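Shown here: query_27.txt, compact mmCIF, C-alpha atoms and all ligand atoms.
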```txt
# COMPACT_ATOMS: atom_id res chain seq x y z
CA MET A 1 59.21 -11.22 99.50
CA ASP A 2 61.44 -8.40 98.27
CA GLU A 3 59.60 -5.37 97.02
CA PRO A 4 60.40 -4.44 93.42
CA LEU A 5 62.46 -1.31 92.78
CA ARG A 6 60.28 1.70 93.41
CA PRO A 7 60.40 5.26 92.13
CA ALA A 8 62.06 7.88 94.35
CA PRO A 9 59.82 9.95 96.64
CA THR A 10 58.02 12.70 94.76
CA ASP A 11 58.36 16.42 95.41
CA VAL A 12 55.10 16.43 97.36
CA GLU A 13 56.34 13.60 99.60
CA VAL A 14 59.55 15.51 100.27
CA ALA A 15 57.61 18.69 101.11
CA TRP A 16 55.41 16.71 103.49
CA SER A 17 58.29 14.98 105.24
CA ASP A 18 60.08 18.32 105.68
CA LEU A 19 57.08 19.85 107.48
CA GLY A 20 58.02 20.53 111.11
CA GLY A 21 61.64 19.55 110.48
CA SER A 22 64.77 21.66 110.83
CA GLY A 23 64.13 25.23 109.73
CA SER A 24 60.53 25.13 111.02
CA PRO A 25 59.45 27.23 114.00
CA GLY A 26 59.86 25.23 117.22
CA LEU A 27 56.57 24.22 118.87
CA ARG A 28 55.98 23.12 122.45
CA LEU A 29 53.19 20.60 122.96
CA ASP A 30 51.31 21.78 126.07
CA ALA A 31 48.35 19.37 126.09
CA ALA A 32 46.31 17.07 123.89
CA ASP A 33 42.57 16.36 124.01
CA VAL A 34 40.98 13.29 122.44
CA LEU A 35 37.30 14.13 121.95
CA THR A 36 34.33 12.25 120.61
CA VAL A 37 31.62 14.42 119.11
CA GLU A 38 28.34 13.19 117.63
CA LEU A 39 27.09 14.54 114.33
CA PRO A 40 23.55 13.61 113.23
CA PHE A 41 23.09 11.85 109.89
CA ARG A 42 20.47 13.41 107.61
CA ARG A 43 19.16 9.96 106.71
CA PRO A 44 19.66 6.76 108.73
CA VAL A 45 22.78 4.92 107.51
CA ARG A 46 22.44 1.16 107.31
CA THR A 47 25.47 -1.11 107.59
CA ALA A 48 25.79 -4.85 108.18
CA ALA A 49 25.91 -4.07 111.92
CA GLY A 50 22.73 -2.02 112.13
CA THR A 51 21.12 1.34 111.41
CA HIS A 52 22.90 4.48 112.56
CA MET A 53 21.39 7.92 113.22
CA GLN A 54 24.57 9.55 114.55
CA ARG A 55 28.10 9.73 113.30
CA PRO A 56 30.49 9.60 116.28
CA LEU A 57 33.60 11.50 115.28
CA VAL A 58 36.89 11.26 117.17
CA LEU A 59 38.94 14.46 117.13
CA VAL A 60 42.43 15.27 118.34
CA ARG A 61 43.06 18.81 119.62
CA LEU A 62 46.70 19.70 120.24
CA GLU A 63 47.50 22.82 122.25
CA VAL A 64 50.92 24.13 121.29
CA THR A 65 53.01 27.21 121.92
CA ALA A 66 55.14 28.75 119.19
CA ASP A 67 57.96 31.18 119.89
CA GLY A 68 56.92 34.14 117.74
CA SER A 69 59.03 37.23 117.15
CA GLU A 70 56.71 39.16 119.50
CA GLY A 71 56.60 36.53 122.22
CA PRO A 72 54.93 33.14 122.64
CA VAL A 73 51.84 32.38 120.53
CA GLU A 74 49.31 29.72 121.51
CA LEU A 75 47.88 27.63 118.68
CA VAL A 76 45.61 24.64 118.24
CA GLY A 77 46.18 21.79 115.78
CA TRP A 78 43.17 19.70 114.79
CA GLY A 79 43.01 16.07 113.65
CA GLU A 80 39.93 14.12 112.58
CA CYS A 81 39.58 10.34 112.71
CA ALA A 82 37.45 8.69 110.03
CA ALA A 83 36.56 5.59 112.10
CA LEU A 84 32.82 4.89 112.02
CA THR A 85 30.38 3.54 114.62
CA ASP A 86 31.12 -0.06 113.71
CA THR A 87 33.68 -2.15 111.87
CA THR A 88 31.64 -2.92 108.75
CA TYR A 89 34.23 -1.23 106.54
CA ASP A 90 37.34 -1.03 108.74
CA SER A 91 39.02 -2.93 111.56
CA GLU A 92 38.83 0.16 113.82
CA ASP A 93 35.63 1.74 115.05
CA ALA A 94 35.34 5.14 116.76
CA GLY A 95 35.72 3.54 120.19
CA THR A 96 38.86 1.55 119.45
CA ALA A 97 40.40 4.47 117.57
CA ALA A 98 39.84 6.77 120.58
CA GLN A 99 41.36 4.11 122.86
CA ALA A 100 44.42 3.80 120.61
CA LEU A 101 44.90 7.56 120.67
CA VAL A 102 44.47 7.88 124.43
CA GLY A 103 46.34 4.73 125.39
CA SER A 104 49.22 4.69 122.91
CA LEU A 105 49.56 7.22 120.15
CA VAL A 106 49.14 10.53 122.03
CA PRO A 107 51.28 9.42 125.03
CA ALA A 108 54.05 8.45 122.59
CA LEU A 109 53.84 11.87 120.96
CA LEU A 110 53.91 13.64 124.34
CA GLU A 111 56.92 11.61 125.38
CA ARG A 112 58.75 12.34 122.16
CA SER A 113 57.92 16.05 122.33
CA GLY A 114 59.01 16.28 125.94
CA ALA A 115 62.31 14.55 125.26
CA GLY A 116 63.61 17.69 123.57
CA GLY A 117 63.18 19.35 120.22
CA GLY A 118 59.49 20.08 120.79
CA LEU A 119 56.64 18.85 118.63
CA PRO A 120 58.08 16.70 115.82
CA GLY A 121 56.75 16.90 112.27
CA PRO A 122 53.86 14.70 111.06
CA SER A 123 56.30 12.20 109.55
CA ALA A 124 57.37 11.24 113.08
CA VAL A 125 53.85 9.93 113.68
CA THR A 126 53.85 7.65 110.63
CA GLU A 127 57.50 6.76 110.13
CA PRO A 128 58.42 3.13 109.33
CA GLY A 129 58.17 0.98 112.41
CA SER A 130 55.45 3.20 113.85
CA THR A 131 52.06 1.84 114.81
CA ARG A 132 50.24 3.12 111.74
CA SER A 133 49.63 -0.40 110.47
CA GLU A 134 47.89 -1.35 113.72
CA TRP A 135 45.58 1.70 113.90
CA PRO A 136 45.67 3.47 110.54
CA LEU A 137 42.60 5.60 111.22
CA ALA A 138 43.75 6.79 114.65
CA THR A 139 47.27 7.39 113.34
CA ALA A 140 45.94 9.45 110.44
CA ALA A 141 44.05 11.68 112.91
CA LEU A 142 47.16 12.35 114.97
CA GLU A 143 49.25 12.97 111.86
CA MET A 144 46.64 15.53 110.71
CA ALA A 145 46.66 17.31 114.09
CA VAL A 146 50.46 17.57 114.15
CA ALA A 147 50.59 18.80 110.56
CA ASP A 148 47.82 21.32 111.24
CA ALA A 149 49.73 22.77 114.21
CA HIS A 150 52.90 23.18 112.16
CA LEU A 151 51.08 24.72 109.19
CA ARG A 152 49.24 27.21 111.42
CA ALA A 153 52.47 28.11 113.21
CA SER A 154 54.14 28.91 109.89
CA GLY A 155 51.05 30.54 108.35
CA ARG A 156 50.95 28.07 105.48
CA SER A 157 48.12 26.15 103.85
CA PHE A 158 48.22 22.41 103.06
CA ALA A 159 47.64 23.27 99.39
CA GLY A 160 50.57 25.67 99.45
CA LEU A 161 52.82 23.08 101.10
CA LEU A 162 52.07 20.57 98.33
CA GLY A 163 52.52 23.19 95.61
CA VAL A 164 48.91 22.83 94.44
CA ASP A 165 48.02 25.69 92.09
CA ALA A 166 44.40 24.75 91.35
CA GLY A 167 41.76 26.85 93.04
CA SER A 168 39.15 24.07 93.08
CA VAL A 169 38.56 20.39 92.21
CA PRO A 170 35.56 18.59 90.67
CA VAL A 171 33.04 17.02 93.03
CA GLY A 172 31.13 13.75 92.60
CA ALA A 173 27.90 12.69 94.27
CA VAL A 174 26.88 9.32 95.71
CA VAL A 175 23.41 7.72 95.65
CA GLY A 176 22.54 4.84 97.98
CA LEU A 177 20.62 1.70 97.04
CA GLU A 178 17.03 2.50 96.00
CA GLU A 179 14.38 -0.19 95.77
CA ASP A 180 12.68 1.49 92.82
CA ASP A 181 14.35 2.44 89.51
CA ASP A 182 12.16 5.53 89.02
CA ASP A 183 13.07 6.82 92.50
CA LEU A 184 16.74 6.24 91.70
CA VAL A 185 16.56 8.03 88.34
CA GLY A 186 14.75 10.90 90.10
CA ARG A 187 17.52 11.23 92.69
CA VAL A 188 20.20 11.16 89.99
CA ALA A 189 18.25 13.75 87.96
CA ALA A 190 18.19 16.09 90.97
CA LEU A 191 21.98 15.76 91.33
CA VAL A 192 22.57 16.35 87.61
CA ASP A 193 20.28 19.40 87.79
CA ALA A 194 22.29 20.66 90.75
CA GLY A 195 25.40 20.44 88.57
CA TYR A 196 27.16 17.26 89.67
CA GLY A 197 29.18 15.89 86.75
CA ARG A 198 29.88 12.47 88.27
CA VAL A 199 27.46 10.20 90.10
CA LYS A 200 28.28 6.98 91.92
CA LEU A 201 25.52 4.42 92.39
CA LYS A 202 25.57 1.85 95.16
CA ILE A 203 24.71 -1.57 93.71
CA GLY A 204 24.21 -5.10 95.01
CA PRO A 205 22.93 -8.49 93.87
CA GLY A 206 19.49 -8.01 92.33
CA ARG A 207 19.95 -4.23 92.17
CA ASP A 208 22.55 -3.76 89.46
CA VAL A 209 21.81 -4.21 85.72
CA GLY A 210 18.27 -2.81 86.04
CA PRO A 211 19.01 0.36 88.01
CA VAL A 212 22.35 1.10 86.30
CA GLY A 213 20.68 0.64 82.89
CA ALA A 214 17.80 2.93 83.85
CA VAL A 215 20.17 5.71 84.90
CA ARG A 216 22.40 5.22 81.84
CA ARG A 217 19.43 5.43 79.42
CA ARG A 218 18.33 8.72 80.95
CA PHE A 219 21.88 10.19 81.18
CA PRO A 220 23.97 8.77 78.30
CA GLY A 221 26.90 11.15 78.83
CA LEU A 222 27.12 11.22 82.64
CA VAL A 223 30.32 9.99 84.32
CA LEU A 224 28.81 7.07 86.18
CA MET A 225 30.45 4.76 88.72
CA ALA A 226 29.08 1.78 90.64
CA ASP A 227 30.12 0.68 94.14
CA ALA A 228 29.22 -2.81 95.36
CA ASN A 229 30.94 -2.66 98.79
CA GLY A 230 32.06 -6.27 98.37
CA ALA A 231 28.54 -7.68 97.94
CA TYR A 232 29.25 -10.21 95.14
CA THR A 233 30.72 -13.71 95.06
CA PRO A 234 33.02 -15.19 92.41
CA ALA A 235 29.97 -17.07 90.99
CA GLU A 236 28.59 -13.70 89.82
CA LEU A 237 31.63 -12.78 87.75
CA ASP A 238 29.94 -13.28 84.34
CA HIS A 239 26.97 -11.25 85.50
CA LEU A 240 29.25 -8.35 86.48
CA VAL A 241 30.97 -8.46 83.07
CA SER A 242 27.51 -7.75 81.60
CA LEU A 243 27.71 -4.25 83.18
CA ASP A 244 30.34 -3.40 80.52
CA ARG A 245 27.63 -2.19 78.16
CA PHE A 246 26.87 0.77 80.43
CA GLY A 247 30.30 2.39 80.03
CA LEU A 248 30.96 2.84 83.76
CA ALA A 249 34.01 4.89 84.74
CA CYS A 250 34.71 2.07 87.20
CA LEU A 251 33.16 -0.75 89.20
CA GLU A 252 34.22 -0.41 92.82
CA GLN A 253 34.93 -3.29 95.19
CA PRO A 254 32.65 -5.97 93.73
CA PHE A 255 34.15 -8.77 95.86
CA GLY A 256 35.32 -9.24 99.45
CA ARG A 257 38.20 -7.31 100.99
CA THR A 258 40.68 -10.17 100.79
CA ASP A 259 39.68 -11.64 97.41
CA LEU A 260 42.32 -10.15 95.14
CA ALA A 261 42.25 -13.16 92.79
CA THR A 262 38.62 -12.69 91.75
CA HIS A 263 39.10 -8.94 91.33
CA ALA A 264 42.07 -9.73 89.05
CA GLU A 265 39.99 -12.24 87.06
CA LEU A 266 37.22 -9.67 86.58
CA ALA A 267 39.77 -7.03 85.57
CA ARG A 268 41.04 -9.42 82.85
CA ARG A 269 37.60 -10.19 81.49
CA SER A 270 35.80 -6.87 81.83
CA SER A 271 36.28 -3.64 79.88
CA THR A 272 35.07 -1.68 82.95
CA PRO A 273 38.01 -0.61 85.14
CA VAL A 274 37.91 -2.48 88.46
CA CYS A 275 38.41 -0.17 91.44
CA LEU A 276 39.46 -1.25 94.94
CA ASP A 277 38.36 0.49 98.13
CA GLU A 278 37.89 -1.70 101.23
CA THR A 279 40.75 -3.98 100.11
CA VAL A 280 43.38 -1.25 100.36
CA GLY A 281 44.27 -0.53 103.99
CA SER A 282 47.91 0.44 103.37
CA PRO A 283 50.27 1.47 100.57
CA ALA A 284 51.60 -2.11 100.54
CA ASP A 285 48.06 -3.39 99.87
CA VAL A 286 47.84 -1.07 96.86
CA ARG A 287 51.20 -2.28 95.50
CA ARG A 288 50.11 -5.90 95.90
CA ALA A 289 46.81 -5.26 94.13
CA ILE A 290 48.46 -3.41 91.26
CA GLY A 291 51.09 -6.15 90.95
CA LEU A 292 48.37 -8.82 90.64
CA GLY A 293 46.40 -6.78 88.09
CA ALA A 294 43.49 -6.68 90.53
CA CYS A 295 42.60 -3.06 89.86
CA GLY A 296 42.66 -0.45 87.13
CA VAL A 297 41.63 2.39 89.44
CA VAL A 298 42.19 3.01 93.17
CA CYS A 299 39.85 4.80 95.56
CA VAL A 300 42.13 6.71 97.95
CA LYS A 301 40.84 7.23 101.46
CA PRO A 302 43.81 8.83 103.19
CA SER A 303 42.57 7.86 106.67
CA ARG A 304 42.13 4.20 105.81
CA LEU A 305 45.64 4.09 104.32
CA GLY A 306 47.12 5.60 107.51
CA GLY A 307 47.16 9.30 106.64
CA VAL A 308 48.62 11.82 104.23
CA ALA A 309 52.11 10.26 104.04
CA ALA A 310 50.52 6.93 103.10
CA ALA A 311 48.22 8.57 100.55
CA LEU A 312 51.19 10.31 98.95
CA GLU A 313 53.03 6.95 98.79
CA VAL A 314 50.05 5.45 96.97
CA HIS A 315 50.00 8.50 94.70
CA ARG A 316 53.64 7.81 93.75
CA ASP A 317 53.17 4.07 93.14
CA ALA A 318 49.96 4.51 91.16
CA ALA A 319 51.57 7.13 88.92
CA ALA A 320 54.46 4.75 88.19
CA ALA A 321 51.95 2.04 87.22
CA GLY A 322 49.69 4.39 85.24
CA ILE A 323 46.77 3.72 87.58
CA PRO A 324 44.28 6.61 87.97
CA LEU A 325 43.07 7.63 91.43
CA TRP A 326 40.15 9.36 93.02
CA ILE A 327 39.30 10.41 96.58
CA GLY A 328 36.63 8.51 98.47
CA GLY A 329 34.60 9.64 101.47
CA MET A 330 33.98 8.29 104.97
CA TYR A 331 31.26 10.67 106.21
CA GLU A 332 33.94 13.15 107.22
CA SER A 333 33.20 16.59 108.62
CA GLY A 334 33.93 19.55 106.39
CA TYR A 335 37.37 19.81 108.01
CA ALA A 336 38.70 16.44 106.78
CA ARG A 337 36.85 16.84 103.47
CA SER A 338 38.83 19.98 102.91
CA VAL A 339 42.08 18.04 103.52
CA ASN A 340 40.94 15.39 101.03
CA ALA A 341 40.04 18.03 98.43
CA VAL A 342 43.63 19.27 98.40
CA LEU A 343 44.94 15.75 97.74
CA ALA A 344 42.39 15.39 94.94
CA ALA A 345 44.11 18.31 93.17
CA LEU A 346 47.33 16.31 92.69
CA PRO A 347 48.02 14.98 89.19
CA GLY A 348 46.78 11.40 88.80
CA PHE A 349 43.51 12.01 90.65
CA SER A 350 41.66 11.90 87.36
CA LEU A 351 38.13 11.03 88.49
CA PRO A 352 36.04 13.46 90.58
CA GLY A 353 36.10 12.56 94.28
CA ASP A 354 33.39 12.04 96.91
CA LEU A 355 33.92 15.64 98.03
CA ALA A 356 30.39 17.00 98.27
CA PRO A 357 29.82 19.28 101.28
CA ALA A 358 29.38 17.45 104.59
CA SER A 359 25.81 18.78 104.80
CA VAL A 360 24.83 16.28 102.07
CA ALA A 361 25.12 13.52 104.70
CA LEU A 362 25.34 15.29 108.07
CA GLY A 363 22.81 17.50 109.82
CA GLU A 364 25.54 19.50 111.59
CA ASP A 365 29.13 20.25 110.76
CA LEU A 366 32.20 21.64 112.51
CA VAL A 367 33.03 24.16 109.76
CA PRO A 368 30.88 26.18 107.33
CA ASP A 369 30.01 24.39 104.07
CA PRO A 370 32.20 25.42 101.13
CA VAL A 371 30.32 27.17 98.33
CA LEU A 372 30.50 24.94 95.25
CA GLU A 373 31.12 26.65 91.94
CA GLY A 374 30.84 26.02 88.18
CA ARG A 375 29.17 23.33 86.12
CA PRO A 376 30.14 20.56 86.58
CA LEU A 377 30.39 21.52 90.24
CA ARG A 378 33.77 22.11 91.85
CA VAL A 379 34.76 22.65 95.47
CA PRO A 380 37.21 25.49 96.29
CA LEU A 381 40.42 24.53 98.11
CA HIS A 382 41.27 25.92 101.55
CA ARG A 383 44.02 28.52 101.13
CA GLY A 384 44.31 29.77 104.72
CA PRO A 385 46.77 28.46 107.31
CA GLY A 386 46.38 24.84 108.39
CA MET A 387 45.22 21.54 106.92
CA GLY A 388 41.71 22.96 106.53
CA PRO A 389 39.40 25.56 108.06
CA ALA A 390 39.65 25.20 111.87
CA PRO A 391 36.69 23.40 113.48
CA ASP A 392 34.51 25.82 115.43
CA GLY A 393 35.41 25.47 119.12
CA PRO A 394 31.93 26.19 120.61
CA THR A 395 30.31 23.77 118.12
CA VAL A 396 32.82 21.07 119.02
CA ASP A 397 32.14 21.62 122.73
CA ARG A 398 28.36 21.53 122.25
CA LEU A 399 28.46 18.26 120.25
CA SER A 400 31.13 16.69 122.45
CA ARG A 401 30.21 13.46 124.27
CA SER A 402 33.57 12.70 125.87
CA VAL A 403 36.95 14.39 126.30
CA THR A 404 40.19 12.88 127.57
CA ARG A 405 42.93 15.37 128.32
CA LEU A 406 46.55 14.31 128.26
CA ALA A 407 49.46 16.54 129.24
CA PRO A 408 53.20 16.08 129.69
MG MG B 1 33.44 2.30 98.34
```

Write the structure described by the file as structure tokens, please.
Amino acid sequence: MDEPLRPAPTDVEVAWSDLGGSGSPGLRLDAADVLTVELPFRRPVRTAAGTHMQRPLVLVRLEVTADGSEGPVELVGWGECAALTDTTYDSEDAGTAAQALVGSLVPALLERSGAGGGLPGPSAVTEPGSTRSEWPLATAALEMAVADAHLRASGRSFAGLLGVDAGSVPVGAVVGLEEDDDDLVGRVAALVDAGYGRVKLKIGPGRDVGPVGAVRRRFPGLVLMADANGAYTPAELDHLVSLDRFGLACLEQPFGRTDLATHAELARRSSTPVCLDETVGSPADVRRAIGLGACGVVCVKPSRLGGVAAALEVHRDAAAAGIPLWIGGMYESGYARSVNAVLAALPGFSLPGDLAPASVALGEDLVPDPVLEGRPLRVPLHRGPGMGPAPDGPTVDRLSRSVTRLAP
């Protein structure tokens, strides 16, 4: 099927694709490590595959040399992979993502870098015909590492590259399923007291109208979202329409990943904007969903889409269709959260993102927590060189469970 005519790449896409291109300082790729670290969850995380106490996190560490005016300078570029312990939400888990990096993606980058011209820009990792569709999460990690190396070499921040002027972006909080409405209202009250201006509730069959209503009665003006993680069937469509009375900012992923038709039917019948998350694994998925009227809002998880280039493509298409965006979370470390926060500052990201400090979910982090500011709370954007604040080397080494080193 031919794709409809699409708007030209935006200024931010052009800036991104120029990173590391002609005019950039040449970088030599000396070695690449693919590491798996383990970060402890603060509370056990339950998925369909079991209960998890640790968040295995795959990292890419690129060692590069830049030719500075005062001689060679050694730099490190960091990439973080969002793949989780299991495949409840994605087709890649941490293990398969690490294998893809070690077996395919990093060797291809080493080969390309060694063939002359040095380390290519991040667009070379995700260009059409690349393997991003096969391993979007692993590809996004490598793209981030390459971009980080180039930004550090040129002393630029990701926010500066994209022309983002904002100093901070609003932050939303997420509350998991609670068995008891009073407990749930208490947890939301604590977040509102702390200054969060947007709260997302996880819902599921039997735990929807009651809990959402209880929170809405206590907080009539709060920006409230609900996320069902695909827990409903088409038979429950009428029931979900009954959530309209609570004035939700959106209802996220009520039906299964592949069920665009029922999402479109709900979008027609409900006044609550339908938001897609698990369904959208690529920019093409987003275009298909928008074309079918299956969503009025999109949750952007850059890693799941295949990285920053893919997220910027979605940003362009959504703007053309008048579809608002917001940034979701995948239990990232503070490093990748900081990358996501910059994207959340682009126009069109009109709902606060899941950008709370990593310490909300994780007992240890690779970077210091940002200090939130204002009411409603906002997170400051990283303005130093690189995609985000560099992960702390000794902390990475201490939490590391495996390292594979690849060199030319
Ligand atoms: Mg979600």

Long-range neighbours of stretch 140-144 of chain A as a ChimeraX atom specification, 8 Å cut-off, all atoms listed in the file, 2 positions minimum in chain: /A:59-60,78-82,101,105-106,122-123,125-126,132,136-138,146-148,302-304,306-308,387

Any residue with an atom at most 12 Å from ligand MG 1 (chain B) counts, using all atoms listed in the file. Which are they? Put them as a JSON list (two decimals) with C-alpha atoms, in the coordinates of the input.
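part.json, written as the output of this step:
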```json
[["chain", "number", "residue", "atom", "x", "y", "z"],
["A", 88, "THR", "CA", 31.64, -2.92, 108.75],
["A", 89, "TYR", "CA", 34.23, -1.23, 106.54],
["A", 90, "ASP", "CA", 37.34, -1.03, 108.74],
["A", 174, "VAL", "CA", 26.88, 9.32, 95.71],
["A", 175, "VAL", "CA", 23.41, 7.72, 95.65],
["A", 176, "GLY", "CA", 22.54, 4.84, 97.98],
["A", 200, "LYS", "CA", 28.28, 6.98, 91.92],
["A", 201, "LEU", "CA", 25.52, 4.42, 92.39],
["A", 202, "LYS", "CA", 25.57, 1.85, 95.16],
["A", 203, "ILE", "CA", 24.71, -1.57, 93.71],
["A", 225, "MET", "CA", 30.45, 4.76, 88.72],
["A", 226, "ALA", "CA", 29.08, 1.78, 90.64],
["A", 227, "ASP", "CA", 30.12, 0.68, 94.14],
["A", 228, "ALA", "CA", 29.22, -2.81, 95.36],
["A", 229, "ASN", "CA", 30.94, -2.66, 98.79],
["A", 230, "GLY", "CA", 32.06, -6.27, 98.37],
["A", 231, "ALA", "CA", 28.54, -7.68, 97.94],
["A", 250, "CYS", "CA", 34.71, 2.07, 87.20],
["A", 251, "LEU", "CA", 33.16, -0.75, 89.20],
["A", 252, "GLU", "CA", 34.22, -0.41, 92.82],
["A", 253, "GLN", "CA", 34.93, -3.29, 95.19],
["A", 254, "PRO", "CA", 32.65, -5.97, 93.73],
["A", 255, "PHE", "CA", 34.15, -8.77, 95.86],
["A", 256, "GLY", "CA", 35.32, -9.24, 99.45],
["A", 257, "ARG", "CA", 38.20, -7.31, 100.99],
["A", 274, "VAL", "CA", 37.91, -2.48, 88.46],
["A", 275, "CYS", "CA", 38.41, -0.17, 91.44],
["A", 276, "LEU", "CA", 39.46, -1.25, 94.94],
["A", 277, "ASP", "CA", 38.36, 0.49, 98.13],
["A", 278, "GLU", "CA", 37.89, -1.70, 101.23],
["A", 279, "THR", "CA", 40.75, -3.98, 100.11],
["A", 280, "VAL", "CA", 43.38, -1.25, 100.36],
["A", 298, "VAL", "CA", 42.19, 3.01, 93.17],
["A", 299, "CYS", "CA", 39.85, 4.80, 95.56],
["A", 300, "VAL", "CA", 42.13, 6.71, 97.95],
["A", 301, "LYS", "CA", 40.84, 7.23, 101.46],
["A", 304, "ARG", "CA", 42.13, 4.20, 105.81],
["A", 326, "TRP", "CA", 40.15, 9.36, 93.02],
["A", 327, "ILE", "CA", 39.30, 10.41, 96.58],
["A", 328, "GLY", "CA", 36.63, 8.51, 98.47],
["A", 329, "GLY", "CA", 34.60, 9.64, 101.47],
["A", 330, "MET", "CA", 33.98, 8.29, 104.97],
["A", 331, "TYR", "CA", 31.26, 10.67, 106.21],
["A", 353, "GLY", "CA", 36.10, 12.56, 94.28],
["A", 354, "ASP", "CA", 33.39, 12.04, 96.91]]
```

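Using all atoms listed in the file, the protein and nucleic acid residues lying no more than 8 Å from A:Arg28, apart from those fewer than 3 places from it along its own chain, are Val64, Thr65, Ala66, Ser113, Gly118 and Leu119 of chain A.
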
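Going from atom CA of A:Glu364 over to atom CA of A:Leu162, you cover 29.7 Å.
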
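Ranking A:Thr404, A:Gly68, A:Pro120, A:Thr258 by their shortest atom-to-atom distance to A:Asp285, with all atoms listed in the file included, puts A:Thr258 first.
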
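Among the candidate residues A:Ala249, A:Ala235, A:Leu109, A:Leu381, the one lying nearest to A:Arg216 is A:Ala249, with distances computed using all atoms listed in the file.
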
Of the listed residues A:Pro408, A:Phe219, A:Gly393, A:Val164, that which approaches A:Ala115 most closely, counting all atoms listed in the file: A:Pro408

re atom CA of A:Leu84 and atom CA of A:Ser133: distance 17.7 Å

I need every residue sitting at most 8 Å from the point (42.4, 24.2, 120.9) (coordinates as in the file, only C-alpha atoms considered), written as a ChimeraX atom specification. /A:61-63,75-78,393

Residues within 10 Å of A:Gly384, please, as a PyMOL selection string. Count only C-alpha atoms; anything in the same chain fewer than 5 positions from it doesn't count. chain A and resi 151-152+155-160+389-390

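Among the candidates A:Val403, A:Leu292, A:Val14, A:Asn340, the residue lying nearest to A:Arg316 is A:Val14 (atoms considered: only C-alpha atoms).
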
Restricting the calculation to only C-alpha atoms: of A:Glu313, A:Asp193, A:Glu38, A:Glu265, which residue gets closest to A:Asp11? A:Glu313

List as a PDB file with C-alpha atoms, in the frame of the given file the protein and nucleic acid residues near A:Phe349, meaning an atom at most 8 Å away when only C-alpha atoms are counted, but skip any in the same chain fewer than 3 places from it.
```pdb
ATOM      1  CA  PRO A 324      44.280   6.610  87.970  1.00  0.00           C
ATOM      2  CA  LEU A 325      43.070   7.630  91.430  1.00  0.00           C
ATOM      3  CA  TRP A 326      40.150   9.360  93.020  1.00  0.00           C
ATOM      4  CA  ILE A 327      39.300  10.410  96.580  1.00  0.00           C
ATOM      5  CA  ALA A 344      42.390  15.390  94.940  1.00  0.00           C
ATOM      6  CA  ALA A 345      44.110  18.310  93.170  1.00  0.00           C
ATOM      7  CA  LEU A 346      47.330  16.310  92.690  1.00  0.00           C
ATOM      8  CA  PRO A 352      36.040  13.460  90.580  1.00  0.00           C
TER       9      PRO A 352
END
```

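Considering the residues A:Leu177, A:Val12, A:Ala321, A:Val58 and counting all atoms listed in the file, A:Pro211 has its shortest atom-to-atom contact with A:Leu177.
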
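Atom pair atom CA of A:Leu377 / atom CA of A:Gly197: separated by 6.7 Å.
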
Can you sort out the box for stretch 318-324 of chain A, edges along x, y and z, all listed atoms in, 8 Å on every side, with centre and edge lengths in Å to one decimal, as AutoDock Vina command-line options?
```
--center_x 49.4 --center_y 4.6 --center_z 88.2 --size_x 26.2 --size_y 21.1 --size_z 21.9
```

Set the distance at 12 Å and use all atoms listed in the file: which residues neighbour A:Pro56 once local chain neighbours fewer than 4 positions away are removed? I'd like the list as a PyMOL selection string. chain A and resi 35-41+52+80-86+93-95+97-98+330-333+362+399-402

Could you write those residues out with C-alpha atoms, as a tab-separated table (two decimals), in the coordinates of the input?
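See part_28.tsv below for the written result:
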```tsv
chain	number	residue	atom	x	y	z
A	35	LEU	CA	37.30	14.13	121.95
A	36	THR	CA	34.33	12.25	120.61
A	37	VAL	CA	31.62	14.42	119.11
A	38	GLU	CA	28.34	13.19	117.63
A	39	LEU	CA	27.09	14.54	114.33
A	40	PRO	CA	23.55	13.61	113.23
A	41	PHE	CA	23.09	11.85	109.89
A	52	HIS	CA	22.90	4.48	112.56
A	80	GLU	CA	39.93	14.12	112.58
A	81	CYS	CA	39.58	10.34	112.71
A	82	ALA	CA	37.45	8.69	110.03
A	83	ALA	CA	36.56	5.59	112.10
A	84	LEU	CA	32.82	4.89	112.02
A	85	THR	CA	30.38	3.54	114.62
A	86	ASP	CA	31.12	-0.06	113.71
A	93	ASP	CA	35.63	1.74	115.05
A	94	ALA	CA	35.34	5.14	116.76
A	95	GLY	CA	35.72	3.54	120.19
A	97	ALA	CA	40.40	4.47	117.57
A	98	ALA	CA	39.84	6.77	120.58
A	330	MET	CA	33.98	8.29	104.97
A	331	TYR	CA	31.26	10.67	106.21
A	332	GLU	CA	33.94	13.15	107.22
A	333	SER	CA	33.20	16.59	108.62
A	362	LEU	CA	25.34	15.29	108.07
A	399	LEU	CA	28.46	18.26	120.25
A	400	SER	CA	31.13	16.69	122.45
A	401	ARG	CA	30.21	13.46	124.27
A	402	SER	CA	33.57	12.70	125.87
```
